[in-house]
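What follows is a single structure, written as structure tokens, with notes after it.
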Amino acid sequence: MNLSSADYLSYGLGTPDFVDVGEYKVHRDVVPYLEKLSALVASHGFSLRIESAYRSFERQLSIWNRKACGKLPLLSAEGVPMPVPSDEEELMYAILTWSALPGASRHHLGTDLDIVDANACPENYEVQLTPAECDGMFAPFHSFLDQVFGSDSSFGFNRVFVPGRGKIRPERWHIAHLPTSRQLLDKFSLDALRHIYENTEIACKQVILARLDSLAEEYIYPYFI
Ligand SMILES: [Zn+2]
């Protein structure tokens, strides 16, 4: 099997034909709805700015592997840097606290965006994408989005990582164009993901493969909405 074929696009592999929106790549079908959402928030004084969109398998794998070897800081559930556990299973769950499994990140789809209100950003402020920002400088933006997502005029967008759903921490800044992502996720197969891992140099490989069914129940399928 050729992992760069179009069959593996929804796992972040291959070369997707996405549209450039600023410096980010976004799925072509999402763009007209994103323009509508941007116009709506702009009419209420906000400026929707993308902080992250499409991310490839390679990029997610690099984050994963660098966290596993301590080249990127590994953070505890409280957001405090922690030592790299020597036990592989402990290490895997520690990475999963803040990072998606490569191949199973919704950012592979090109339908999901991390967004902020550029109008609320102080000059030269480097966005971190944290709950504290959402409750602080971006709070008015997010409460406006709450209203939009609770209405019929959300153009297909909604949040994915919300309290009470799966084991991934809530991420208010992460929105998805659900009608487009559903089409892509329809074709998702855990067997294909297993095949990808078997052919990839990924940290904690043995324990990921051994626990893949339960990982999917906790970290993947709850977000197929
Ligand atoms: Zn995100």
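Labels for the structure tokens follow display order: chains A, B, ..., residues from 1 in each chain, ligands from 1.
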
Which polymer residues have any atom within 10 Å of an atom of Cys204 of chain A, counting only C-alpha atoms, with same-chain residues fewer than 3 positions away left out, as a compact mmCIF listing (two decimals) with C-alpha atoms, in the first residue's frame?
```txt
# COMPACT_ATOMS: atom_id res chain seq x y z
CA TRP A 64 4.63 13.79 18.90
CA ASN A 65 8.16 12.44 18.58
CA ALA A 68 8.48 11.95 23.54
CA ASP A 87 7.16 4.02 31.06
CA GLU A 88 5.94 4.05 27.45
CA GLU A 89 2.25 3.92 28.31
CA GLU A 90 2.56 6.75 30.80
CA LEU A 91 4.47 8.75 28.21
CA MET A 92 1.82 8.15 25.53
CA TYR A 93 -0.99 9.40 27.77
CA GLU A 201 8.72 5.59 13.19
CA VAL A 207 1.68 0.68 23.21
CA ILE A 208 -0.24 2.75 20.63
CA LEU A 209 -0.82 -0.40 18.57
```

- Item | Distance filter 10 Å around ligand 1, atoms: only C-alpha atoms and all ligand atoms, out as JSON, numbers by chain | {"A": [51, 52, 53, 54, 55, 99, 100, 105, 106, 107, 112, 113, 114, 115, 129, 159, 160, 161, 171, 172, 173, 174, 175, 176]}

Residues as selected, C-alpha atoms, written as a PDB file, in the first residue's frame, can you do that?
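selection-v5.pdb was written with the following content:
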```pdb
ATOM      1  CA  GLU A  51      -4.001  30.580  13.999  1.00  0.00           C
ATOM      2  CA  SER A  52      -3.903  27.031  12.653  1.00  0.00           C
ATOM      3  CA  ALA A  53      -5.715  25.053   9.945  1.00  0.00           C
ATOM      4  CA  TYR A  54      -4.479  22.056   7.944  1.00  0.00           C
ATOM      5  CA  ARG A  55      -1.604  20.187   9.548  1.00  0.00           C
ATOM      6  CA  SER A  99      -1.415  16.589  21.406  1.00  0.00           C
ATOM      7  CA  ALA A 100      -3.495  14.484  19.051  1.00  0.00           C
ATOM      8  CA  SER A 105      -5.873  14.912  14.359  1.00  0.00           C
ATOM      9  CA  ARG A 106      -8.881  16.779  13.028  1.00  0.00           C
ATOM     10  CA  HIS A 107      -6.385  19.306  11.679  1.00  0.00           C
ATOM     11  CA  ASP A 112     -10.933  22.544  11.276  1.00  0.00           C
ATOM     12  CA  LEU A 113      -9.508  25.893  12.336  1.00  0.00           C
ATOM     13  CA  ASP A 114      -8.039  27.419  15.460  1.00  0.00           C
ATOM     14  CA  ILE A 115      -9.280  30.995  15.555  1.00  0.00           C
ATOM     15  CA  LEU A 129      -4.338  29.201  22.312  1.00  0.00           C
ATOM     16  CA  ARG A 159     -16.936  23.587  18.250  1.00  0.00           C
ATOM     17  CA  VAL A 160     -15.707  20.003  18.573  1.00  0.00           C
ATOM     18  CA  PHE A 161     -13.689  19.794  21.781  1.00  0.00           C
ATOM     19  CA  GLU A 171     -10.605  23.834  23.102  1.00  0.00           C
ATOM     20  CA  ARG A 172     -12.920  26.754  22.514  1.00  0.00           C
ATOM     21  CA  TRP A 173     -10.653  28.180  19.839  1.00  0.00           C
ATOM     22  CA  HIS A 174     -11.028  25.089  17.658  1.00  0.00           C
ATOM     23  CA  ILE A 175     -13.951  25.134  15.225  1.00  0.00           C
ATOM     24  CA  ALA A 176     -14.885  22.738  12.448  1.00  0.00           C
TER      25      ALA A 176
END
```

- Item | 9 Å contact set for segment 130-135 of chain A, only C-alpha atoms, chain neighbours under 2 positions out, as a PyMOL selection string | chain A and resi 116+127-128+137-142+170-173

With N, CA and C atoms retained, write the just-selected residues as a PDB file, in the first residue's frame.
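Below is the file that was written, result08.pdb:
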```pdb
ATOM      1  N   VAL A 116      -8.901  33.157  16.520  1.00  0.00           N
ATOM      2  CA  VAL A 116      -8.926  34.193  17.562  1.00  0.00           C
ATOM      3  C   VAL A 116      -9.578  35.444  16.978  1.00  0.00           C
ATOM      4  N   VAL A 127      -0.104  34.729  20.300  1.00  0.00           N
ATOM      5  CA  VAL A 127      -1.248  33.918  20.737  1.00  0.00           C
ATOM      6  C   VAL A 127      -0.759  32.537  21.177  1.00  0.00           C
ATOM      7  N   GLN A 128      -1.281  32.061  22.322  1.00  0.00           N
ATOM      8  CA  GLN A 128      -0.883  30.749  22.855  1.00  0.00           C
ATOM      9  C   GLN A 128      -1.950  29.684  22.607  1.00  0.00           C
ATOM     10  N   MET A 137      -8.995  37.943  27.043  1.00  0.00           N
ATOM     11  CA  MET A 137      -9.118  38.908  25.940  1.00  0.00           C
ATOM     12  C   MET A 137     -10.106  38.453  24.852  1.00  0.00           C
ATOM     13  N   PHE A 138     -10.275  37.138  24.673  1.00  0.00           N
ATOM     14  CA  PHE A 138     -11.175  36.667  23.614  1.00  0.00           C
ATOM     15  C   PHE A 138     -12.566  36.291  24.124  1.00  0.00           C
ATOM     16  N   ALA A 139     -12.842  36.598  25.377  1.00  0.00           N
ATOM     17  CA  ALA A 139     -14.140  36.191  25.953  1.00  0.00           C
ATOM     18  C   ALA A 139     -15.335  36.760  25.180  1.00  0.00           C
ATOM     19  N   PRO A 140     -15.337  38.054  24.806  1.00  0.00           N
ATOM     20  CA  PRO A 140     -16.503  38.565  24.052  1.00  0.00           C
ATOM     21  C   PRO A 140     -16.674  37.857  22.704  1.00  0.00           C
ATOM     22  N   PHE A 141     -15.570  37.562  22.050  1.00  0.00           N
ATOM     23  CA  PHE A 141     -15.593  36.846  20.770  1.00  0.00           C
ATOM     24  C   PHE A 141     -16.222  35.461  20.959  1.00  0.00           C
ATOM     25  N   HIS A 142     -15.788  34.764  22.012  1.00  0.00           N
ATOM     26  CA  HIS A 142     -16.300  33.402  22.215  1.00  0.00           C
ATOM     27  C   HIS A 142     -17.753  33.407  22.662  1.00  0.00           C
ATOM     28  N   PRO A 170     -11.200  20.491  26.562  1.00  0.00           N
ATOM     29  CA  PRO A 170     -11.973  21.460  25.771  1.00  0.00           C
ATOM     30  C   PRO A 170     -11.056  22.489  25.098  1.00  0.00           C
ATOM     31  N   GLU A 171     -11.367  22.823  23.848  1.00  0.00           N
ATOM     32  CA  GLU A 171     -10.605  23.834  23.102  1.00  0.00           C
ATOM     33  C   GLU A 171     -11.614  24.748  22.436  1.00  0.00           C
ATOM     34  N   ARG A 172     -11.895  25.862  23.067  1.00  0.00           N
ATOM     35  CA  ARG A 172     -12.920  26.754  22.514  1.00  0.00           C
ATOM     36  C   ARG A 172     -12.476  27.416  21.226  1.00  0.00           C
ATOM     37  N   TRP A 173     -11.177  27.502  21.030  1.00  0.00           N
ATOM     38  CA  TRP A 173     -10.653  28.180  19.839  1.00  0.00           C
ATOM     39  C   TRP A 173     -10.732  27.301  18.590  1.00  0.00           C
TER      40      TRP A 173
END
```

- Message: So that I can check the secondary structure, give me every residue of segment 19-194 of chain A assigned strand (DSSP E or B) by backbone DSSP, as a ChimeraX atom specification.
- Response: /A:19-21,24-26,48-52,75,81,112-117,157-159,174-177

Let's have the selection written as a short mmCIF file (atom, residue, chain, number, x, y, z; two decimals), in the first residue's frame, with C-alpha atoms.
```cif
data_model
loop_
_atom_site.label_atom_id
_atom_site.label_comp_id
_atom_site.auth_asym_id
_atom_site.auth_seq_id
_atom_site.Cartn_x
_atom_site.Cartn_y
_atom_site.Cartn_z
CA VAL A 19 -6.85 26.55 -0.77
CA ASP A 20 -4.40 29.02 0.76
CA VAL A 21 -6.10 31.32 3.23
CA TYR A 24 -2.82 28.45 6.10
CA LYS A 25 -4.30 25.69 3.97
CA VAL A 26 -8.05 25.12 4.19
CA LEU A 48 -11.71 36.28 12.78
CA ARG A 49 -8.07 35.33 12.40
CA ILE A 50 -6.83 31.80 11.77
CA GLU A 51 -4.00 30.58 14.00
CA SER A 52 -3.90 27.03 12.65
CA LEU A 75 3.16 19.53 29.89
CA PRO A 81 6.40 21.19 32.27
CA ASP A 112 -10.93 22.54 11.28
CA LEU A 113 -9.51 25.89 12.34
CA ASP A 114 -8.04 27.42 15.46
CA ILE A 115 -9.28 30.99 15.56
CA VAL A 116 -8.93 34.19 17.56
CA ASP A 117 -10.29 37.72 17.42
CA PHE A 157 -19.46 25.47 11.86
CA ASN A 158 -19.35 24.40 15.48
CA ARG A 159 -16.94 23.59 18.25
CA HIS A 174 -11.03 25.09 17.66
CA ILE A 175 -13.95 25.13 15.23
CA ALA A 176 -14.89 22.74 12.45
CA HIS A 177 -17.01 22.85 9.33
#
```

- Task: Quote the spacing between atom CA of Tyr221 of chain A and atom CA of Phe188 of chain A in Å to one decimal place.
- Result: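 Between these atoms lies a distance of 10.0 Å.
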
- Message: At a cut-off of 10 Å, using only C-alpha atoms, what residues contact Glu58 of chain A? Leave out same-chain residues fewer than 4 positions from it and give the result as a VMD selection string.
- Response: chain A and resid 12 to 13 62 to 64 102 to 103

Restricting it to N, CA and C atoms, dump the selection as a PDB file, in the first residue's frame.
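The result, stored in again_14.pdb:
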```pdb
ATOM      1  N   GLY A  12      -3.842  12.909   6.985  1.00  0.00           N
ATOM      2  CA  GLY A  12      -2.787  13.925   6.888  1.00  0.00           C
ATOM      3  C   GLY A  12      -1.648  13.538   5.963  1.00  0.00           C
ATOM      4  N   LEU A  13      -1.829  12.433   5.215  1.00  0.00           N
ATOM      5  CA  LEU A  13      -0.777  11.984   4.294  1.00  0.00           C
ATOM      6  C   LEU A  13      -1.114  12.416   2.872  1.00  0.00           C
ATOM      7  N   SER A  62       6.055  14.890  13.988  1.00  0.00           N
ATOM      8  CA  SER A  62       7.237  15.574  14.502  1.00  0.00           C
ATOM      9  C   SER A  62       6.971  16.145  15.899  1.00  0.00           C
ATOM     10  N   ILE A  63       5.777  16.712  16.092  1.00  0.00           N
ATOM     11  CA  ILE A  63       5.413  17.220  17.425  1.00  0.00           C
ATOM     12  C   ILE A  63       5.410  16.056  18.422  1.00  0.00           C
ATOM     13  N   TRP A  64       4.762  14.970  18.028  1.00  0.00           N
ATOM     14  CA  TRP A  64       4.633  13.787  18.898  1.00  0.00           C
ATOM     15  C   TRP A  64       6.013  13.250  19.303  1.00  0.00           C
ATOM     16  N   PRO A 102      -0.884  11.450  15.753  1.00  0.00           N
ATOM     17  CA  PRO A 102      -0.700  11.686  14.313  1.00  0.00           C
ATOM     18  C   PRO A 102      -1.624  10.742  13.532  1.00  0.00           C
ATOM     19  N   GLY A 103      -2.235  11.251  12.480  1.00  0.00           N
ATOM     20  CA  GLY A 103      -3.174  10.441  11.696  1.00  0.00           C
ATOM     21  C   GLY A 103      -4.599  10.555  12.189  1.00  0.00           C
TER      22      GLY A 103
END
```

- Message: Taking only C-alpha atoms into account, name the residue in A:Glu78, A:Glu123, A:Glu198, A:Asp29 that is nearest to Trp98 of chain A.
- Response: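 Smallest distance to Trp98 of chain A is found for A:Glu78.
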
- Expected answer as number ranges by chain: helix (DSSP H, G or I) residues in segment 30-96 of chain A: A: 30-42, 57-68, 88-96

Selection above as a file: C-alpha atoms, as a PDB file, in the first residue's frame:
```pdb
ATOM      1  CA  VAL A  30     -15.020  25.158   3.567  1.00  0.00           C
ATOM      2  CA  VAL A  31     -13.837  28.471   2.138  1.00  0.00           C
ATOM      3  CA  PRO A  32     -17.218  29.989   1.071  1.00  0.00           C
ATOM      4  CA  TYR A  33     -18.685  29.230   4.521  1.00  0.00           C
ATOM      5  CA  LEU A  34     -15.611  30.614   6.246  1.00  0.00           C
ATOM      6  CA  GLU A  35     -16.080  33.855   4.311  1.00  0.00           C
ATOM      7  CA  LYS A  36     -19.686  34.023   5.513  1.00  0.00           C
ATOM      8  CA  LEU A  37     -18.706  33.386   9.131  1.00  0.00           C
ATOM      9  CA  SER A  38     -15.930  35.988   8.928  1.00  0.00           C
ATOM     10  CA  ALA A  39     -18.371  38.553   7.520  1.00  0.00           C
ATOM     11  CA  LEU A  40     -20.883  37.819  10.273  1.00  0.00           C
ATOM     12  CA  VAL A  41     -18.371  38.239  13.097  1.00  0.00           C
ATOM     13  CA  ALA A  42     -16.969  41.357  11.397  1.00  0.00           C
ATOM     14  CA  PHE A  57       0.754  13.819   9.375  1.00  0.00           C
ATOM     15  CA  GLU A  58       4.489  14.590   9.205  1.00  0.00           C
ATOM     16  CA  ARG A  59       4.044  17.773  11.203  1.00  0.00           C
ATOM     17  CA  GLN A  60       1.906  16.075  13.867  1.00  0.00           C
ATOM     18  CA  LEU A  61       4.361  13.165  13.981  1.00  0.00           C
ATOM     19  CA  SER A  62       7.237  15.574  14.502  1.00  0.00           C
ATOM     20  CA  ILE A  63       5.413  17.220  17.425  1.00  0.00           C
ATOM     21  CA  TRP A  64       4.633  13.787  18.898  1.00  0.00           C
ATOM     22  CA  ASN A  65       8.163  12.436  18.583  1.00  0.00           C
ATOM     23  CA  ARG A  66       9.815  15.621  19.850  1.00  0.00           C
ATOM     24  CA  LYS A  67       7.593  15.603  22.935  1.00  0.00           C
ATOM     25  CA  ALA A  68       8.477  11.955  23.540  1.00  0.00           C
ATOM     26  CA  GLU A  88       5.941   4.048  27.455  1.00  0.00           C
ATOM     27  CA  GLU A  89       2.248   3.918  28.307  1.00  0.00           C
ATOM     28  CA  GLU A  90       2.560   6.755  30.799  1.00  0.00           C
ATOM     29  CA  LEU A  91       4.470   8.755  28.206  1.00  0.00           C
ATOM     30  CA  MET A  92       1.818   8.151  25.527  1.00  0.00           C
ATOM     31  CA  TYR A  93      -0.987   9.396  27.770  1.00  0.00           C
ATOM     32  CA  ALA A  94       1.111  12.375  28.839  1.00  0.00           C
ATOM     33  CA  ILE A  95       1.591  13.424  25.201  1.00  0.00           C
ATOM     34  CA  LEU A  96      -2.119  12.844  24.518  1.00  0.00           C
TER      35      LEU A  96
END
```

- Query: For Ser154 of chain A, which residue out of A:Asp191, A:Gly136, A:Pro179, A:Glu218 is the nearest one, using only C-alpha atoms?
  - Reply: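 The closest residue to Ser154 of chain A is A:Pro179.
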